[in-house]
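J.: Have a look at this one.
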Amino acid sequence: MSTEAQARIKINDLLREAGWRFFEEDGKPANVVLENNTKITQEMINDYGEDFEKQSRGFIDFLLLDQRSHPIIVLEAKSEKHNPLVGKEQARTYAKSQNCRFILLSNGNLHYFWDTQFGNPEIITNFPTPESIESYNKYMPDPKALLNEVITKGYIAVTKKPEYAQDPDFQNPDTQAEYLKKHNLPILRPYQVKAVESIQNSVRNGNNRFLFEMATGTGKTLISAAVMKLFLKTGNAHRVLFLVDRLELEDQAQRSMVRYLSNDYTSLIYKENREDWRRADIVITTVQSLLSGDKYRTKFSPTDFDLVISDEAHRSIGGNARAVFEYFVGYKLGLTATPKDYLKNAAPDENSPREYERRLLLDTYEAFGCKSGVPTFRYSMLDGVEDGFLISPIVIDARTRVTTQLLSDEGYAYIDKAETAEESTAYYKERDFEKRFFSQNTNITLCRAFLENAARDPISGEIGKSIVFAVSQRHATKITQILNVLADKMFPGKYKSDFAMQVTSIIPDAQQMSINFSNNNLSGRGNFIPDYRTSKTRVCVTVGMMTTGYDCTDILNIALMRPIFSPTDFIQIKGRGTRRHDFYQQFIDDALKDQHQDKIKTHFLLFDFFANCEYFEEEYDYDQILALPAASEPQPDADPLPPAQPKDAAVIFTPDPLAQVQRIEVGIEGMKIDRMFFHKFEEKIKNDPIVKQGIEDGKWDFVLDYINENHIDKPEDYFTLEKLRQSIQLDRRLSLREVVEKAFGFIPGFKNKNELLNSEFDKFISISKPVSEDDIPALKYYFMAYITDGHLRQIIENKNYAELHTYPRFSMADFRAINENWRTAIPEYIKDYVVLNKFM
């Protein structure tokens with residue numbers, strides 16, 4: 001079969017998968033694709049002629065029609081050995097003759113979508129659906145309108161209240177602030193106006209990708225709303241996709257969009273509106289939701305969104321999540337709070353966490369067309385402090401001899417890629433670390449140092465509201481207990497074991513607890529002064545929550561009781577304290593507010609128990625150094641604290657001796673008992689109310705931990721992942737996350753190894769955009785072989801290329817077919833972005 005015929009077969013299949021239907025006449029398929037099965041009408045013949053699919057200069061390979069049977073897309077097909085772009089001008093001629101705005105160029109492996117009225121062909125991995133392209137056809141960008149739109153400080157406020165600027169209370173300087181607060185009107189700060197204007201300037205220069213590097217607390221969500229309004233109002237977007245990197249940020253983003261834009265535009269969260277998301281102007285989701293089950297490919301078309309905004313970009317498009325970002329055509333905006341300067345001292349070891357993070361961030365700059373490291377707009381923390389919008393921390397170096405020794409251990413950190421890629425990668429070496437770090441004396445030392453030096457509330461005098469970041473759920477539990485015991489001694493009778501609370505994913509209602517803490521009513525309020533609205537609970541102990549996007553302006557202390565290796569995590573955690581706050585506003589009585597107007601937040605304390613600042617800043621100039629005793633020394637008055645708990649004992653089950661050995665062949669469908677085994681497990685977790693509630697709340701970490709603890713490897717059934725995998729005859733490793741997603745209908749089934757490989761390669765193509773598209777078959781073979789063949793990986797990594805002359809699974813000829821750059825780029829990509837365990 002010719003390469004051209006092979007390409008046409010693939011294109012036919014891809015069109016059918018996208019929902020296009022072929023018209024058949026006399027049993028022969030025509031090169032005309034219809035949105036439905038209606039036959040060619042006399043009206044069509046009158047309009048286009050009996051041979052309307054042919055032209056004087058050639059032959060239209062595929063002519064795609066809309067619901068009215070009018071041409072809407074010309075698809076130019078080339079053989080697999082040709083770059084699809086070679087048919088670009090030929091397709092343009094055909095499109096002009098048929099008055100078609102859109103062109104698809106494809107060789108069966110690589111595809112381009114081209115809106116001939118705006119821009120250049122863009123790589124896509126799926127063909128647009130009929131429904132999507134008809135909606136997109138109504139979208140008529142007007143770059144001139146975007147460039148001429150005037151951005152003022154009231155750009156969002158006028159959406160909420162169009163005549164606000166004419167109101168006497170706003171015009172009066174004495175009442176303006178109260179007026180804005182009463183009507184909840186957001187006013188753009190000068191740098192926020194400049195940020196939006198920077199996009200206009202970038203578009204003027206021919207760009208369609210933008211990157212904002214802005215410090216935490218500078219109002220990136222408000223700026224995002226202004227950018228959305230700019231594109232929607234001027235007709236340069238008909239729908240916007242807003243990507244966040246955590247589930248809890250979906251609700252926060254939705255509340256913000258309702259507050260800022262609801263009078264003019266509709267916004268919704270995708271997971272709550274899976275069937276009718278098309279009615280919205282703004283769709284909010286996590287990138288993980290779209291990656292799960294490849295929803296971004298199966299539920300969406302490349303033309304569904306004209307503007308994609310990625311919050312904390314190198315998180316939400318890091319790794320193979322970038323495939324989601326690249327899948328959609330149109331404008332792209334990335335937001336990041338991580339300054340590129342944090343990567344200037346990356347470790348030379350390519351496997352170090354700092355180097356891994358550096359590559360991710362550099363990938364982000366490249367993805368947004370900022371290879372030089374200069375973003376579209378930058379507003380640093382120093383800018384915010386200088387302009388009076390942010391405050392700097394007072395950093396306290398508080399290291400014990402034990403934590404200092406931990407820092408100096410060789411190989412202290414390692415990269416552990418989570419199977420689900422749901423959470424940020426953890427970088428800890430567990431050798432010696434666990435037993436030392438969970439030492440009771442070490443924990444007491446850290447907690448006592450924190451309480452004795454913590455900043456106090458300027459009005460009530462109690463410990464200022466604080467967030468403590470622990471290394472794990474277990475560690476958070478121990479730290480919480482110690483803090484409560486110590487607080488009971490410091491403030492007798494004031495707390496009932498609610499001075500500190502653990503706020504982690506395993507705790508029921510943890511998300512609501514974090515909201516209550518921000519709203520000053522966690523465990524009640526006014527514990528010291530009844531008329532002063534501040535939370536009774538003073539300290540939240542967490543691990544990964546309360547970092548990104550958590551707003552609690554009256555935080556006065558942040559304690560890092562764990563090492564941090566991600567600059568993103570460090571910036572976000574530090575940013576929890578940088579916002580300004582007026583403490584006097586927390587009084588109920590206006591007279592008391594007037595008496596305490598000098599009580600404002602001027603600084604916050606950052607307790608660094610693991611030299612995290614030094615890690616990122618090298619010779620960091622600490623503002624204060626505490627001399628702490630070694631954790632191994634006896635601590636006075638420590639008796640009331642609970643002793644360290646012994647590790648759980650292991651239970652070993654020895655099987656009975658073999659009675660007989662019998663070989664029984666099992667068909668591909670598996671044994672009925674196996675299928676029932678898997679179904680039984682599905683039903684068990686689906687009927688568990690705790691699991692169901694956790695799924696509804698989006699607490700995946702809690703759900704998986706709970707199932708592992710309560711349903712896996714228990715005497716009743718001895719469910720294990722390996723037994724479940726065998727029961728469904730899956731040819732690869734199965735993760736618990738996949739099993740739960742299948743049970744609750746998030747994915748229709750499990751992809752086999754080959755399907756997963758194809759999916760990973762599609763992501764690689766969409767991210768890497770190879771220049772030599774003709775070499776895609778060879779790249780694909782190398783890509784898949786490198787993932788599945790451990791010995792080949794050793795050959796490549798050790799550069800033992802001579803062995804390829806005799807290696808049967810991947811020969812020297814196969815290796816030579818790969819461009820030299822891709823020989824190293826593909827292994828680097830796989831090392832960074834592909835979880836190999838899934839294919840074993």
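Starting from 1 in every chain, residues are counted up; chains themselves are A, B, ... following the order of the structure tokens, and ligands are numbered from 1 as listed.
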Write out as number ranges by chain each polymer residue whose atoms come within 12 Å of Lys181 (chain A), counting only C-alpha atoms; drop sequence neighbours fewer than 4 positions from it.

T.: A: 157, 169-170, 175-177, 185-187

J.: Counting only C-alpha atoms, figure out which residue out of A:Ala398, A:Met545, A:Ile199, A:Leu180 gets nearest to Gln572 (chain A).

T.: A:Met545

J.: May I have the residues within 8 Å of Ala145 (chain A) as a ChimeraX atom specification, using only C-alpha atoms and disregarding those fewer than 4 positions away in the same chain?

T.: /A:149,234-235

J.: Take the residues from that selection and put them in a file with all heavy atoms, as a PDB file, in the first residue's frame.

T.:
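Final output, out.pdb:
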```
ATOM      1  N   GLU A 149      -8.522  49.470  22.320  1.00  0.00           N
ATOM      2  CA  GLU A 149      -9.294  49.461  23.564  1.00  0.00           C
ATOM      3  C   GLU A 149      -8.531  50.230  24.649  1.00  0.00           C
ATOM      4  O   GLU A 149      -7.340  49.999  24.889  1.00  0.00           O
ATOM      5  CB  GLU A 149      -9.543  48.022  24.024  1.00  0.00           C
ATOM      6  CG  GLU A 149     -10.335  47.903  25.312  1.00  0.00           C
ATOM      7  CD  GLU A 149     -11.828  48.149  25.147  1.00  0.00           C
ATOM      8  OE1 GLU A 149     -12.242  48.511  24.028  1.00  0.00           O
ATOM      9  OE2 GLU A 149     -12.570  47.971  26.122  1.00  0.00           O
ATOM     10  N   THR A 234     -13.645  42.878  22.703  1.00  0.00           N
ATOM     11  CA  THR A 234     -13.217  43.322  21.374  1.00  0.00           C
ATOM     12  C   THR A 234     -13.413  42.253  20.307  1.00  0.00           C
ATOM     13  O   THR A 234     -13.030  42.455  19.146  1.00  0.00           O
ATOM     14  CB  THR A 234     -11.730  43.720  21.403  1.00  0.00           C
ATOM     15  OG1 THR A 234     -10.929  42.586  21.785  1.00  0.00           O
ATOM     16  CG2 THR A 234     -11.502  44.869  22.386  1.00  0.00           C
ATOM     17  N   GLY A 235     -13.997  41.109  20.686  1.00  0.00           N
ATOM     18  CA  GLY A 235     -14.271  40.066  19.705  1.00  0.00           C
ATOM     19  C   GLY A 235     -13.071  39.233  19.322  1.00  0.00           C
ATOM     20  O   GLY A 235     -13.120  38.487  18.332  1.00  0.00           O
TER      21      GLY A 235
END
```

J.: Skipping near chain neighbours, those fewer than 2 positions away, what residues fall within 12 Å of Ile394 (chain A) using only C-alpha atoms, listed as a ChimeraX atom specification?

T.: /A:391-392,396-397,453-455,556-559,574,577-578,602-608,613,621-625

J.: Could those selected residues go to a file with N, CA, C and O atoms, as a compact mmCIF listing (two decimals), in the first residue's frame?

T.:
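Listing of selection14.txt after writing:
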```txt
# COMPACT_ATOMS: atom_id res chain seq x y z
N ILE A 391 4.66 43.80 51.64
CA ILE A 391 5.64 43.98 52.72
C ILE A 391 6.63 42.83 52.68
O ILE A 391 6.29 41.71 52.28
N SER A 392 7.84 43.10 53.11
CA SER A 392 8.89 42.08 53.12
C SER A 392 8.88 41.34 54.46
O SER A 392 8.49 41.90 55.48
N ILE A 396 14.07 34.60 59.89
CA ILE A 396 14.72 34.13 61.10
C ILE A 396 15.38 32.78 60.84
O ILE A 396 14.70 31.81 60.49
N ASP A 397 16.68 32.75 60.95
CA ASP A 397 17.43 31.50 60.81
C ASP A 397 17.32 30.76 62.13
O ASP A 397 17.79 31.23 63.16
N ASN A 453 9.35 33.09 69.91
CA ASN A 453 9.81 34.21 69.09
C ASN A 453 8.77 34.70 68.09
O ASN A 453 9.04 35.62 67.31
N ALA A 454 7.59 34.11 68.10
CA ALA A 454 6.56 34.47 67.12
C ALA A 454 6.09 35.90 67.31
O ALA A 454 6.03 36.42 68.44
N ALA A 455 5.73 36.55 66.20
CA ALA A 455 5.15 37.90 66.27
C ALA A 455 3.78 37.82 66.91
O ALA A 455 3.01 36.88 66.69
N LEU A 556 0.92 36.65 60.40
CA LEU A 556 2.10 37.33 60.95
C LEU A 556 3.32 36.41 61.09
O LEU A 556 4.44 36.90 61.27
N ASN A 557 3.10 35.10 61.02
CA ASN A 557 4.21 34.16 61.16
C ASN A 557 4.05 33.02 60.16
O ASN A 557 2.96 32.45 60.00
N ILE A 558 5.15 32.67 59.52
CA ILE A 558 5.21 31.49 58.66
C ILE A 558 6.42 30.69 59.10
O ILE A 558 7.53 31.23 59.17
N ALA A 559 6.22 29.43 59.42
CA ALA A 559 7.31 28.58 59.89
C ALA A 559 7.55 27.45 58.90
O ALA A 559 6.63 26.69 58.58
N LYS A 574 6.13 31.86 50.96
CA LYS A 574 6.54 33.17 51.47
C LYS A 574 5.47 34.22 51.18
O LYS A 574 5.20 35.12 52.00
N GLY A 577 2.46 35.72 53.43
CA GLY A 577 2.57 36.77 54.44
C GLY A 577 2.82 38.16 53.89
O GLY A 577 2.90 39.12 54.66
N THR A 578 2.97 38.31 52.58
CA THR A 578 3.43 39.59 52.02
C THR A 578 2.32 40.62 51.84
O THR A 578 2.61 41.79 51.57
N THR A 602 3.12 45.77 59.36
CA THR A 602 4.33 46.37 58.77
C THR A 602 5.38 45.32 58.40
O THR A 602 6.31 45.61 57.67
N HIS A 603 5.23 44.11 58.94
CA HIS A 603 6.17 43.04 58.63
C HIS A 603 5.55 41.71 59.03
O HIS A 603 4.50 41.67 59.67
N PHE A 604 6.19 40.63 58.65
CA PHE A 604 5.83 39.31 59.17
C PHE A 604 7.12 38.52 59.34
O PHE A 604 8.17 38.87 58.77
N LEU A 605 7.07 37.48 60.16
CA LEU A 605 8.26 36.68 60.44
C LEU A 605 8.23 35.39 59.61
O LEU A 605 7.21 34.71 59.54
N LEU A 606 9.36 35.07 59.01
CA LEU A 606 9.53 33.83 58.27
C LEU A 606 10.57 32.99 59.00
O LEU A 606 11.76 33.27 58.95
N PHE A 607 10.11 31.98 59.75
CA PHE A 607 11.01 31.10 60.50
C PHE A 607 11.55 30.03 59.55
O PHE A 607 10.79 29.23 59.01
N ASP A 608 12.85 30.03 59.37
CA ASP A 608 13.49 29.11 58.44
C ASP A 608 14.32 28.11 59.23
O ASP A 608 15.44 28.40 59.64
N CYS A 613 16.06 29.64 52.65
CA CYS A 613 16.46 30.90 52.01
C CYS A 613 17.89 30.78 51.49
O CYS A 613 18.21 31.24 50.39
N ASP A 621 21.44 36.87 53.67
CA ASP A 621 21.68 37.71 54.85
C ASP A 621 20.47 37.62 55.77
O ASP A 621 19.49 38.34 55.60
N TYR A 622 20.53 36.72 56.74
CA TYR A 622 19.40 36.54 57.65
C TYR A 622 19.27 37.76 58.57
O TYR A 622 20.26 38.33 59.03
N ASP A 623 18.02 38.14 58.82
CA ASP A 623 17.78 39.30 59.66
C ASP A 623 18.00 38.99 61.14
O ASP A 623 18.32 39.86 61.94
N GLN A 624 17.81 37.74 61.51
CA GLN A 624 17.95 37.38 62.92
C GLN A 624 18.37 35.92 63.00
O GLN A 624 17.92 35.10 62.21
N ILE A 625 19.26 35.60 63.91
CA ILE A 625 19.72 34.23 64.06
C ILE A 625 19.42 33.78 65.48
O ILE A 625 19.82 34.44 66.45
```

J.: What lies within 10 Å of Thr216 (chain A) using only C-alpha atoms, ignoring chain neighbours under 6 positions off, as a ChimeraX atom specification?

T.: /A:336-338,379-381,384,390,548-549,571-579

J.: Keeping only all heavy atoms, take the residues you just selected and write them out as a compact mmCIF listing (two decimals), in the first residue's frame.

T.:
```
# COMPACT_ATOMS: atom_id res chain seq x y z
N THR A 336 3.08 33.59 36.29
CA THR A 336 3.96 32.90 37.23
C THR A 336 4.45 33.87 38.28
O THR A 336 4.68 35.05 38.00
CB THR A 336 5.16 32.25 36.52
OG1 THR A 336 5.98 31.58 37.48
CG2 THR A 336 6.01 33.28 35.79
N ALA A 337 4.61 33.36 39.49
CA ALA A 337 5.15 34.18 40.58
C ALA A 337 6.61 33.84 40.84
O ALA A 337 7.23 34.40 41.73
CB ALA A 337 4.34 33.96 41.86
N THR A 338 7.16 32.91 40.07
CA THR A 338 8.52 32.45 40.30
C THR A 338 9.49 33.22 39.42
O THR A 338 9.51 33.03 38.21
CB THR A 338 8.65 30.95 39.99
OG1 THR A 338 7.64 30.24 40.71
CG2 THR A 338 10.01 30.43 40.40
N TYR A 379 6.55 42.30 37.39
CA TYR A 379 6.34 43.15 38.57
C TYR A 379 6.77 42.31 39.77
O TYR A 379 6.06 41.39 40.20
CB TYR A 379 4.89 43.58 38.70
CG TYR A 379 4.66 44.66 39.73
CD1 TYR A 379 4.94 46.00 39.45
CD2 TYR A 379 4.14 44.35 40.99
CE1 TYR A 379 4.73 47.00 40.39
CE2 TYR A 379 3.92 45.34 41.94
CZ TYR A 379 4.22 46.66 41.64
OH TYR A 379 4.01 47.65 42.56
N SER A 380 7.95 42.60 40.29
CA SER A 380 8.56 41.77 41.32
C SER A 380 8.05 42.13 42.71
O SER A 380 7.38 43.14 42.92
CB SER A 380 10.08 41.93 41.27
OG SER A 380 10.44 43.24 41.69
N MET A 381 8.45 41.31 43.68
CA MET A 381 8.10 41.60 45.06
C MET A 381 8.75 42.92 45.50
O MET A 381 8.14 43.71 46.24
CB MET A 381 8.56 40.46 45.97
CG MET A 381 8.24 40.71 47.44
SD MET A 381 8.69 39.34 48.49
CE MET A 381 8.35 40.07 50.10
N GLY A 384 6.65 45.66 44.39
CA GLY A 384 5.46 45.79 45.22
C GLY A 384 5.75 46.44 46.55
O GLY A 384 4.96 47.23 47.07
N LEU A 390 3.06 45.66 48.96
CA LEU A 390 3.47 44.44 49.63
C LEU A 390 4.42 44.78 50.77
O LEU A 390 4.94 45.90 50.85
CB LEU A 390 4.17 43.49 48.64
CG LEU A 390 3.38 43.00 47.44
CD1 LEU A 390 4.26 42.15 46.53
CD2 LEU A 390 2.15 42.21 47.86
N THR A 548 -0.65 27.86 47.27
CA THR A 548 -1.03 28.60 46.08
C THR A 548 -2.39 29.25 46.23
O THR A 548 -3.38 28.58 46.52
CB THR A 548 -1.06 27.66 44.86
OG1 THR A 548 0.18 26.99 44.77
CG2 THR A 548 -1.33 28.42 43.59
N GLY A 549 -2.45 30.56 46.04
CA GLY A 549 -3.72 31.26 45.97
C GLY A 549 -4.47 31.40 47.27
O GLY A 549 -5.63 31.81 47.27
N ILE A 571 8.37 30.54 46.84
CA ILE A 571 7.77 31.84 46.54
C ILE A 571 6.32 31.89 47.01
O ILE A 571 5.87 32.87 47.62
CB ILE A 571 7.83 32.12 45.02
CG1 ILE A 571 9.28 32.38 44.59
CG2 ILE A 571 6.95 33.31 44.65
CD1 ILE A 571 9.86 33.64 45.14
N GLN A 572 5.57 30.82 46.75
CA GLN A 572 4.15 30.81 47.13
C GLN A 572 3.98 30.82 48.64
O GLN A 572 3.14 31.53 49.18
CB GLN A 572 3.45 29.59 46.52
CG GLN A 572 3.33 29.62 45.01
CD GLN A 572 2.32 30.65 44.54
OE1 GLN A 572 1.66 31.30 45.34
NE2 GLN A 572 2.20 30.82 43.23
N ILE A 573 4.78 30.01 49.33
CA ILE A 573 4.67 29.95 50.80
C ILE A 573 5.04 31.30 51.41
O ILE A 573 4.34 31.82 52.29
CB ILE A 573 5.56 28.82 51.34
CG1 ILE A 573 4.93 27.46 51.00
CG2 ILE A 573 5.75 28.95 52.85
CD1 ILE A 573 5.83 26.27 51.33
N LYS A 574 6.13 31.86 50.96
CA LYS A 574 6.54 33.17 51.47
C LYS A 574 5.47 34.22 51.18
O LYS A 574 5.20 35.12 52.00
CB LYS A 574 7.87 33.59 50.83
CG LYS A 574 8.44 34.88 51.37
CD LYS A 574 9.80 35.19 50.78
CE LYS A 574 9.72 35.53 49.31
NZ LYS A 574 10.98 36.08 48.77
N GLY A 575 4.82 34.07 50.02
CA GLY A 575 3.81 35.05 49.61
C GLY A 575 2.57 35.06 50.47
O GLY A 575 1.77 36.00 50.40
N ARG A 576 2.37 34.02 51.31
CA ARG A 576 1.20 34.02 52.19
C ARG A 576 1.26 35.17 53.19
O ARG A 576 0.24 35.54 53.77
CB ARG A 576 1.09 32.70 52.96
CG ARG A 576 0.88 31.45 52.14
CD ARG A 576 -0.17 31.62 51.08
NE ARG A 576 0.43 31.83 49.77
CZ ARG A 576 -0.15 32.46 48.78
NH1 ARG A 576 -1.35 32.98 48.92
NH2 ARG A 576 0.46 32.59 47.62
N GLY A 577 2.46 35.72 53.43
CA GLY A 577 2.57 36.77 54.44
C GLY A 577 2.82 38.16 53.89
O GLY A 577 2.90 39.12 54.66
N THR A 578 2.97 38.31 52.58
CA THR A 578 3.43 39.59 52.02
C THR A 578 2.32 40.62 51.84
O THR A 578 2.61 41.79 51.57
CB THR A 578 4.10 39.36 50.66
OG1 THR A 578 3.17 38.73 49.77
CG2 THR A 578 5.35 38.50 50.81
N ARG A 579 1.07 40.24 52.00
CA ARG A 579 -0.02 41.19 51.80
C ARG A 579 -0.16 42.13 53.00
O ARG A 579 0.02 41.72 54.14
CB ARG A 579 -1.34 40.45 51.54
CG ARG A 579 -1.38 39.71 50.21
CD ARG A 579 -2.57 38.77 50.16
NE ARG A 579 -2.77 38.17 48.85
CZ ARG A 579 -2.11 37.10 48.41
NH1 ARG A 579 -1.22 36.53 49.20
NH2 ARG A 579 -2.35 36.61 47.21
```

J.: Could you name the residues that touch Tyr155 (chain A) at 9 Å or less, counting only C-alpha atoms, but leaving out those on the same chain fewer than 4 positions away, as a list in words?

T.: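 Those residues are Val150, Ile151, Thr159, Pro186, Ile187, Leu188, Val193, Ala226 and Lys229 of chain A.
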
J.: With N, CA and C atoms retained, could you export that selection as a short mmCIF file (atom, residue, chain, number, x, y, z; two decimals), in the first residue's frame?

T.:
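Below you can see part_29.cif, which holds the result:
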```
data_model
loop_
_atom_site.label_atom_id
_atom_site.label_comp_id
_atom_site.auth_asym_id
_atom_site.auth_seq_id
_atom_site.Cartn_x
_atom_site.Cartn_y
_atom_site.Cartn_z
N VAL A 150 -9.21 51.14 25.31
CA VAL A 150 -8.58 51.96 26.36
C VAL A 150 -8.73 51.25 27.71
N ILE A 151 -7.62 51.02 28.39
CA ILE A 151 -7.62 50.36 29.69
C ILE A 151 -7.43 51.42 30.77
N THR A 159 -17.75 47.39 34.67
CA THR A 159 -18.55 46.21 34.34
C THR A 159 -19.58 45.95 35.42
N PRO A 186 -13.70 46.64 42.29
CA PRO A 186 -12.25 46.52 42.19
C PRO A 186 -11.67 47.61 41.27
N ILE A 187 -10.64 48.26 41.74
CA ILE A 187 -9.96 49.30 40.96
C ILE A 187 -8.56 48.78 40.61
N LEU A 188 -8.22 48.86 39.35
CA LEU A 188 -6.91 48.41 38.91
C LEU A 188 -5.82 49.36 39.40
N VAL A 193 -2.81 48.04 35.23
CA VAL A 193 -3.16 48.64 33.94
C VAL A 193 -2.03 48.43 32.94
N ALA A 226 -9.29 41.22 33.70
CA ALA A 226 -9.18 42.36 32.78
C ALA A 226 -8.76 41.90 31.39
N LYS A 229 -11.74 40.24 29.71
CA LYS A 229 -12.68 41.25 29.21
C LYS A 229 -12.15 41.91 27.95
#
```

J.: Between A:Leu756, A:Leu14, A:Ile309, A:Ile826, which one has atoms that come closest to Asp294 (chain A), using only C-alpha atoms?

T.: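 Among the listed residues, A:Leu756 lies closest to Asp294 (chain A).
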
J.: Which of these residues is nearest to Leu104 (chain A), using only C-alpha atoms: A:Cys447, A:Ile60, A:Ile507, A:Ala280?

T.: A:Ile60

J.: So that I can see what lies close to region 130-142 of chain A, please list as a list in words the residues with an atom at most 7 Å from it, counting only C-alpha atoms and leaving out residues fewer than 2 positions away in the same chain.

T.: Gly19, Trp20, Glu35, Pro128, Lys144, Ala145, Leu146, Thr234, Gly235, Asn236, Ala237, His238, Ser301, Thr303 and Asp304 of chain A

J.: Out of region 423-612 of chain A, which residues get strand (DSSP E) from DSSP, as a list in words?

T.: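 Matching residues, listed in order: Ser466, Ile467, Val468, Phe469, Ala500, Met501, Gln502, Val539, Cys540, Val541, Thr542, Asn557, Ile558, Ala559, Leu560, Phe604, Leu605, Leu606, Phe607 and Asp608 of chain A.
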